[in-house]
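entry.txt follows (compact mmCIF, N, CA and C atoms):
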# COMPACT_ATOMS: atom_id res chain seq x y z
N GLN A 29 252.99 260.96 261.65
CA GLN A 29 251.69 260.41 261.27
C GLN A 29 251.85 259.60 259.99
N LEU A 30 251.42 258.36 260.04
CA LEU A 30 251.52 257.48 258.90
C LEU A 30 250.54 257.91 257.82
N GLN A 31 251.04 258.10 256.61
CA GLN A 31 250.18 258.54 255.52
C GLN A 31 250.60 257.89 254.22
N LEU A 32 249.61 257.48 253.44
CA LEU A 32 249.81 256.94 252.10
C LEU A 32 249.02 257.80 251.13
N VAL A 33 249.67 258.21 250.04
CA VAL A 33 249.01 259.05 249.06
C VAL A 33 249.20 258.43 247.68
N GLU A 34 248.08 258.07 247.05
CA GLU A 34 248.11 257.52 245.71
C GLU A 34 248.00 258.64 244.68
N SER A 35 248.58 258.39 243.52
CA SER A 35 248.49 259.33 242.40
C SER A 35 248.65 258.56 241.10
N GLY A 36 248.34 259.24 240.00
CA GLY A 36 248.56 258.65 238.68
C GLY A 36 247.31 258.15 238.00
N GLY A 37 246.18 258.21 238.68
CA GLY A 37 244.95 257.78 238.06
C GLY A 37 244.49 258.75 236.98
N GLY A 38 243.47 258.34 236.25
CA GLY A 38 242.94 259.20 235.21
C GLY A 38 242.04 258.44 234.26
N LEU A 39 241.73 259.11 233.15
CA LEU A 39 240.89 258.52 232.10
C LEU A 39 241.80 258.02 230.98
N VAL A 40 241.61 256.78 230.58
CA VAL A 40 242.43 256.20 229.52
C VAL A 40 241.54 255.34 228.64
N GLN A 41 241.90 255.23 227.38
CA GLN A 41 241.15 254.39 226.46
C GLN A 41 241.52 252.92 226.65
N PRO A 42 240.61 252.03 226.30
CA PRO A 42 240.96 250.60 226.36
C PRO A 42 242.24 250.31 225.58
N GLY A 43 243.08 249.49 226.18
CA GLY A 43 244.37 249.20 225.59
C GLY A 43 245.48 250.13 226.03
N GLY A 44 245.12 251.19 226.70
CA GLY A 44 246.11 252.16 227.15
C GLY A 44 246.80 251.74 228.44
N SER A 45 247.65 252.63 228.93
CA SER A 45 248.45 252.34 230.12
C SER A 45 248.38 253.49 231.11
N LEU A 46 248.54 253.16 232.36
CA LEU A 46 248.69 254.12 233.44
C LEU A 46 249.70 253.57 234.43
N ARG A 47 250.35 254.48 235.13
CA ARG A 47 251.26 254.08 236.20
C ARG A 47 250.81 254.76 237.48
N LEU A 48 250.37 253.98 238.42
CA LEU A 48 249.97 254.50 239.71
C LEU A 48 251.16 254.51 240.66
N SER A 49 251.20 255.51 241.50
CA SER A 49 252.23 255.60 242.53
C SER A 49 251.59 255.76 243.89
N CYS A 50 252.28 255.27 244.87
CA CYS A 50 251.84 255.41 246.26
C CYS A 50 253.04 255.88 247.06
N ALA A 51 252.93 257.06 247.62
CA ALA A 51 254.02 257.63 248.40
C ALA A 51 253.69 257.55 249.88
N ALA A 52 254.64 257.08 250.64
CA ALA A 52 254.47 256.97 252.08
C ALA A 52 255.19 258.12 252.78
N SER A 53 254.57 258.62 253.81
CA SER A 53 255.22 259.64 254.64
C SER A 53 254.96 259.33 256.10
N GLY A 54 255.91 259.74 256.93
CA GLY A 54 255.76 259.51 258.35
C GLY A 54 256.25 258.15 258.82
N PHE A 55 256.66 257.32 257.87
CA PHE A 55 257.19 256.00 258.23
C PHE A 55 257.95 255.47 257.03
N SER A 56 258.72 254.42 257.24
CA SER A 56 259.49 253.80 256.16
C SER A 56 258.79 252.54 255.66
N LEU A 57 258.70 252.43 254.33
CA LEU A 57 258.10 251.25 253.73
C LEU A 57 258.98 250.01 253.86
N ASP A 58 260.21 250.20 254.31
CA ASP A 58 261.16 249.08 254.39
C ASP A 58 260.61 247.89 255.17
N TYR A 59 259.72 248.14 256.12
CA TYR A 59 259.29 247.09 257.05
C TYR A 59 257.90 246.55 256.73
N TYR A 60 257.44 246.85 255.52
CA TYR A 60 256.06 246.53 255.18
C TYR A 60 255.94 245.76 253.87
N ALA A 61 254.97 244.85 253.84
CA ALA A 61 254.46 244.38 252.56
C ALA A 61 253.44 245.41 252.09
N ILE A 62 253.29 245.52 250.79
CA ILE A 62 252.44 246.57 250.23
C ILE A 62 251.45 245.93 249.25
N GLY A 63 250.24 246.41 249.31
CA GLY A 63 249.23 245.88 248.41
C GLY A 63 248.52 246.99 247.66
N TRP A 64 248.03 246.62 246.48
CA TRP A 64 247.13 247.49 245.72
C TRP A 64 245.77 246.81 245.67
N PHE A 65 244.74 247.59 245.91
CA PHE A 65 243.37 247.11 245.91
C PHE A 65 242.55 248.05 245.04
N ARG A 66 241.37 247.59 244.64
CA ARG A 66 240.51 248.47 243.87
C ARG A 66 239.05 248.21 244.24
N GLN A 67 238.25 249.24 244.03
CA GLN A 67 236.83 249.13 244.32
C GLN A 67 236.05 249.81 243.22
N ALA A 68 235.26 249.02 242.51
CA ALA A 68 234.38 249.55 241.47
C ALA A 68 233.04 249.90 242.09
N PRO A 69 232.29 250.79 241.45
CA PRO A 69 230.98 251.18 242.00
C PRO A 69 230.09 249.96 242.21
N GLY A 70 229.53 249.88 243.40
CA GLY A 70 228.62 248.79 243.71
C GLY A 70 229.27 247.47 244.00
N LYS A 71 230.59 247.44 244.04
CA LYS A 71 231.30 246.19 244.28
C LYS A 71 232.17 246.30 245.52
N GLU A 72 232.55 245.16 246.03
CA GLU A 72 233.44 245.14 247.18
C GLU A 72 234.87 245.45 246.74
N ARG A 73 235.64 245.92 247.70
CA ARG A 73 237.05 246.18 247.43
C ARG A 73 237.76 244.84 247.22
N GLU A 74 238.53 244.75 246.14
CA GLU A 74 239.23 243.51 245.84
C GLU A 74 240.73 243.74 245.75
N GLY A 75 241.47 242.71 246.08
CA GLY A 75 242.91 242.77 245.98
C GLY A 75 243.37 242.66 244.54
N VAL A 76 244.34 243.45 244.16
CA VAL A 76 244.88 243.45 242.81
C VAL A 76 246.29 242.85 242.78
N SER A 77 247.12 243.32 243.69
CA SER A 77 248.52 242.87 243.69
C SER A 77 249.15 243.15 245.04
N CYS A 78 250.23 242.44 245.32
CA CYS A 78 251.01 242.74 246.52
C CYS A 78 252.49 242.46 246.23
N ILE A 79 253.31 243.09 247.04
CA ILE A 79 254.76 242.88 246.96
C ILE A 79 255.28 242.71 248.37
N SER A 80 256.15 241.74 248.55
CA SER A 80 256.66 241.43 249.87
C SER A 80 257.60 242.51 250.39
N ARG A 81 257.88 242.44 251.65
CA ARG A 81 258.80 243.39 252.27
C ARG A 81 260.16 243.38 251.56
N SER A 82 260.63 242.23 251.19
CA SER A 82 261.94 242.13 250.53
C SER A 82 261.88 242.52 249.07
N GLY A 83 260.68 242.53 248.50
CA GLY A 83 260.53 242.80 247.07
C GLY A 83 260.72 241.58 246.21
N SER A 84 261.01 240.44 246.82
CA SER A 84 261.32 239.24 246.05
C SER A 84 260.08 238.49 245.59
N THR A 85 258.95 238.78 246.22
CA THR A 85 257.71 238.08 245.89
C THR A 85 256.63 239.07 245.49
N THR A 86 255.98 238.79 244.38
CA THR A 86 254.83 239.58 243.96
C THR A 86 253.69 238.62 243.63
N ASN A 87 252.50 239.07 243.86
CA ASN A 87 251.31 238.28 243.55
C ASN A 87 250.28 239.17 242.86
N TYR A 88 249.49 238.55 242.00
CA TYR A 88 248.49 239.29 241.24
C TYR A 88 247.19 238.50 241.20
N VAL A 89 246.10 239.22 241.19
CA VAL A 89 244.82 238.57 240.94
C VAL A 89 244.81 238.11 239.49
N ASP A 90 244.13 237.03 239.21
CA ASP A 90 244.19 236.43 237.87
C ASP A 90 243.82 237.42 236.76
N SER A 91 242.88 238.28 237.04
CA SER A 91 242.37 239.18 236.00
C SER A 91 243.39 240.20 235.51
N VAL A 92 244.47 240.40 236.25
CA VAL A 92 245.47 241.40 235.84
C VAL A 92 246.83 240.80 235.53
N LYS A 93 246.97 239.50 235.71
CA LYS A 93 248.25 238.85 235.44
C LYS A 93 248.67 239.08 234.00
N GLY A 94 249.93 239.43 233.82
CA GLY A 94 250.45 239.69 232.50
C GLY A 94 250.21 241.11 232.02
N ARG A 95 249.41 241.88 232.73
CA ARG A 95 249.12 243.26 232.34
C ARG A 95 249.62 244.27 233.36
N PHE A 96 249.57 243.91 234.64
CA PHE A 96 249.98 244.82 235.71
C PHE A 96 251.30 244.36 236.30
N THR A 97 252.10 245.33 236.75
CA THR A 97 253.37 245.04 237.41
C THR A 97 253.53 245.94 238.62
N ILE A 98 253.74 245.32 239.77
CA ILE A 98 253.97 246.08 241.00
C ILE A 98 255.46 246.16 241.26
N SER A 99 255.89 247.28 241.78
CA SER A 99 257.31 247.44 242.12
C SER A 99 257.42 248.39 243.30
N ARG A 100 258.56 248.33 243.97
CA ARG A 100 258.77 249.22 245.11
C ARG A 100 260.14 249.84 245.01
N ASP A 101 260.24 251.05 245.53
CA ASP A 101 261.50 251.79 245.58
C ASP A 101 261.64 252.28 247.01
N ASN A 102 262.33 251.50 247.82
CA ASN A 102 262.44 251.86 249.24
C ASN A 102 263.23 253.14 249.43
N ALA A 103 264.15 253.43 248.55
CA ALA A 103 264.93 254.66 248.68
C ALA A 103 264.03 255.89 248.53
N LYS A 104 263.02 255.76 247.66
CA LYS A 104 262.09 256.88 247.47
C LYS A 104 260.84 256.73 248.33
N ASN A 105 260.77 255.60 249.03
CA ASN A 105 259.61 255.33 249.90
C ASN A 105 258.30 255.31 249.11
N THR A 106 258.36 254.67 247.95
CA THR A 106 257.19 254.62 247.09
C THR A 106 256.98 253.20 246.55
N VAL A 107 255.78 252.96 246.11
CA VAL A 107 255.43 251.73 245.41
C VAL A 107 254.63 252.11 244.18
N SER A 108 254.80 251.38 243.12
CA SER A 108 254.13 251.70 241.86
C SER A 108 253.35 250.50 241.34
N LEU A 109 252.37 250.81 240.53
CA LEU A 109 251.62 249.78 239.83
C LEU A 109 251.54 250.20 238.37
N GLN A 110 252.29 249.51 237.53
CA GLN A 110 252.23 249.77 236.10
C GLN A 110 251.10 248.94 235.51
N MET A 111 250.18 249.62 234.85
CA MET A 111 249.00 248.96 234.31
C MET A 111 248.99 249.13 232.80
N ASN A 112 249.10 248.03 232.10
CA ASN A 112 249.10 248.03 230.63
C ASN A 112 247.88 247.31 230.10
N ASN A 113 247.58 247.57 228.83
CA ASN A 113 246.45 246.92 228.18
C ASN A 113 245.19 247.01 229.05
N LEU A 114 244.90 248.21 229.47
CA LEU A 114 243.77 248.40 230.37
C LEU A 114 242.44 248.08 229.70
N LYS A 115 241.53 247.57 230.50
CA LYS A 115 240.21 247.18 230.03
C LYS A 115 239.15 247.95 230.79
N PRO A 116 237.96 248.09 230.21
CA PRO A 116 236.89 248.81 230.93
C PRO A 116 236.62 248.22 232.31
N GLU A 117 236.78 246.93 232.47
CA GLU A 117 236.53 246.30 233.76
C GLU A 117 237.59 246.63 234.80
N ASP A 118 238.65 247.31 234.40
CA ASP A 118 239.65 247.79 235.36
C ASP A 118 239.24 249.11 236.01
N THR A 119 238.16 249.68 235.54
CA THR A 119 237.68 250.94 236.10
C THR A 119 237.32 250.78 237.57
N ALA A 120 237.93 251.61 238.40
CA ALA A 120 237.73 251.52 239.85
C ALA A 120 238.54 252.61 240.53
N VAL A 121 238.29 252.76 241.81
CA VAL A 121 239.20 253.54 242.65
C VAL A 121 240.26 252.57 243.16
N TYR A 122 241.52 252.97 242.99
CA TYR A 122 242.64 252.12 243.37
C TYR A 122 243.27 252.65 244.66
N TYR A 123 243.52 251.73 245.57
CA TYR A 123 244.08 252.07 246.88
C TYR A 123 245.38 251.29 247.11
N CYS A 124 246.32 251.94 247.76
CA CYS A 124 247.46 251.18 248.26
C CYS A 124 247.28 251.00 249.77
N ALA A 125 247.91 249.97 250.28
CA ALA A 125 247.80 249.66 251.69
C ALA A 125 249.07 248.94 252.12
N VAL A 126 249.34 248.98 253.42
CA VAL A 126 250.57 248.37 253.92
C VAL A 126 250.26 247.44 255.08
N LYS A 127 251.15 246.47 255.23
CA LYS A 127 251.05 245.49 256.31
C LYS A 127 252.44 245.34 256.92
N PRO A 128 252.58 245.60 258.21
CA PRO A 128 253.90 245.39 258.84
C PRO A 128 254.26 243.92 258.82
N VAL A 129 255.51 243.64 258.53
CA VAL A 129 255.96 242.25 258.37
C VAL A 129 257.25 242.04 259.13
N SER A 130 257.32 240.95 259.86
CA SER A 130 258.56 240.62 260.57
C SER A 130 259.63 240.19 259.57
N PRO A 131 260.90 240.29 259.95
CA PRO A 131 261.97 239.85 259.03
C PRO A 131 261.80 238.39 258.61
N PHE A 132 261.24 237.58 259.49
CA PHE A 132 261.06 236.16 259.17
C PHE A 132 260.14 235.97 257.98
N LEU A 133 259.18 236.87 257.80
CA LEU A 133 258.20 236.77 256.72
C LEU A 133 258.45 237.79 255.62
N ARG A 134 259.67 238.24 255.46
CA ARG A 134 259.97 239.33 254.54
C ARG A 134 259.74 238.95 253.08
N SER A 135 259.67 237.67 252.75
CA SER A 135 259.47 237.26 251.36
C SER A 135 258.06 236.76 251.08
N VAL A 136 257.15 237.12 251.93
CA VAL A 136 255.78 236.62 251.81
C VAL A 136 254.83 237.78 251.58
N CYS A 137 253.87 237.59 250.69
CA CYS A 137 252.75 238.54 250.62
C CYS A 137 251.52 237.80 250.10
N TYR A 138 250.40 238.16 250.66
CA TYR A 138 249.12 237.62 250.23
C TYR A 138 248.19 238.80 249.97
N ILE A 139 247.38 238.69 248.94
CA ILE A 139 246.47 239.79 248.61
C ILE A 139 245.18 239.59 249.38
N ARG A 140 245.27 239.77 250.67
CA ARG A 140 244.09 239.62 251.53
C ARG A 140 243.81 240.97 252.19
N ARG A 141 242.66 241.51 251.88
CA ARG A 141 242.32 242.83 252.39
C ARG A 141 242.43 242.90 253.90
N GLU A 142 242.02 241.86 254.58
CA GLU A 142 241.98 241.90 256.04
C GLU A 142 243.37 241.95 256.66
N ASP A 143 244.40 241.66 255.87
CA ASP A 143 245.77 241.69 256.39
C ASP A 143 246.33 243.10 256.44
N PHE A 144 245.73 244.00 255.69
CA PHE A 144 246.31 245.34 255.53
C PHE A 144 245.55 246.33 256.39
N GLY A 145 246.31 247.10 257.19
CA GLY A 145 245.65 247.94 258.17
C GLY A 145 245.73 249.43 257.93
N SER A 146 246.57 249.86 257.00
CA SER A 146 246.71 251.29 256.72
C SER A 146 246.49 251.53 255.24
N TRP A 147 245.64 252.48 254.93
CA TRP A 147 245.19 252.68 253.55
C TRP A 147 245.36 254.13 253.12
N GLY A 148 245.57 254.30 251.81
CA GLY A 148 245.54 255.63 251.23
C GLY A 148 244.11 256.03 250.92
N GLN A 149 243.97 257.22 250.30
CA GLN A 149 242.63 257.76 250.03
C GLN A 149 242.10 257.31 248.67
N GLY A 150 242.97 256.74 247.84
CA GLY A 150 242.54 256.21 246.56
C GLY A 150 242.74 257.17 245.41
N THR A 151 242.85 256.59 244.21
CA THR A 151 242.93 257.37 242.98
C THR A 151 242.04 256.69 241.94
N GLN A 152 241.29 257.51 241.22
CA GLN A 152 240.30 256.99 240.27
C GLN A 152 240.97 256.61 238.95
N VAL A 153 240.65 255.41 238.49
CA VAL A 153 241.07 254.96 237.16
C VAL A 153 239.81 254.66 236.36
N THR A 154 239.68 255.31 235.22
CA THR A 154 238.54 255.10 234.35
C THR A 154 239.03 254.69 232.97
N VAL A 155 238.57 253.53 232.51
CA VAL A 155 238.96 253.02 231.20
C VAL A 155 237.72 253.05 230.32
N SER A 156 237.75 253.94 229.35
CA SER A 156 236.57 254.14 228.52
C SER A 156 236.98 254.77 227.20
N SER A 157 236.25 254.41 226.16
CA SER A 157 236.48 255.04 224.85
C SER A 157 235.54 256.22 224.66
What does this structure look like when you write it as structure tokens?
Amino acid sequence: QLQLVESGGGLVQPGGSLRLSCAASGFSLDYYAIGWFRQAPGKEREGVSCISRSGSTTNYVDSVKGRFTISRDNAKNTVSLQMNNLKPEDTAVYYCAVKPVSPFLRSVCYIRREDFGSWGQGTQVTVSS
């Protein structure tokens, strides 16, 4: 059974850091592009970042560029999102999701919610003083 489990969320002060992890079980992340998304109360789920199947391409939404870093560890079957200089507007539930990718497209990723078909349950990130 394909399962994604996010962890690492919590309460942090503005300017602080958190590292989110997403662990996959029941399948190998080797064949997938991976995305991080977030949903704040009353807002639609938005794409934050993605990493290609090969790991060679990463993309970020403008609001997190220079602050967030996505990475993958296929040996551990995990993906991480390092979040630095957090701001109150980063407060949201964060989700990881995967998209199966053919070898031909292994260096491509787009942060489009509709492309991703398998989701974790989310982890809450709250940035507040």
**Complete:** Of A:Leu30, A:Val136, A:Leu48, A:Leu39, the one sitting nearest Ser84 of chain A when using only C-alpha atoms is A:Val136
**Exercise: Ser108 of chain A partners within 6 Å, only N, CA and C atoms, chain neighbours under 6 positions left out, as a list in words** = Leu48, Ser49, Cys50, Thr97, Ile98, Ser99, Arg100 and Asp101 of chain A
**Request:** Quick one: everything within 5 Å of Thr119 of chain A, counting all atoms listed in the file, minus sequence neighbours fewer than 4 positions away in the same chain. Send it as a PyMOL selection string.
**Result:** chain A and resi 153-155
**Prompt:** Taking the backbone alone, and naming residues the way the document does, which bits of chain A are strand (DSSP E or B) by DSSP, as a ChimeraX atom specification?
**Reply:** /A:31-35,38-40,46-53,60-67,74-79,86-88,96-101,106-111,120-128,146-147,151-155
**Nearest candidate to Ser53 of chain A (options A:Ser80, A:Gln41, A:Thr106, A:Gln67; using only C-alpha atoms)** =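 Answer, going by the shortest atom-to-atom distance: A:Thr106.
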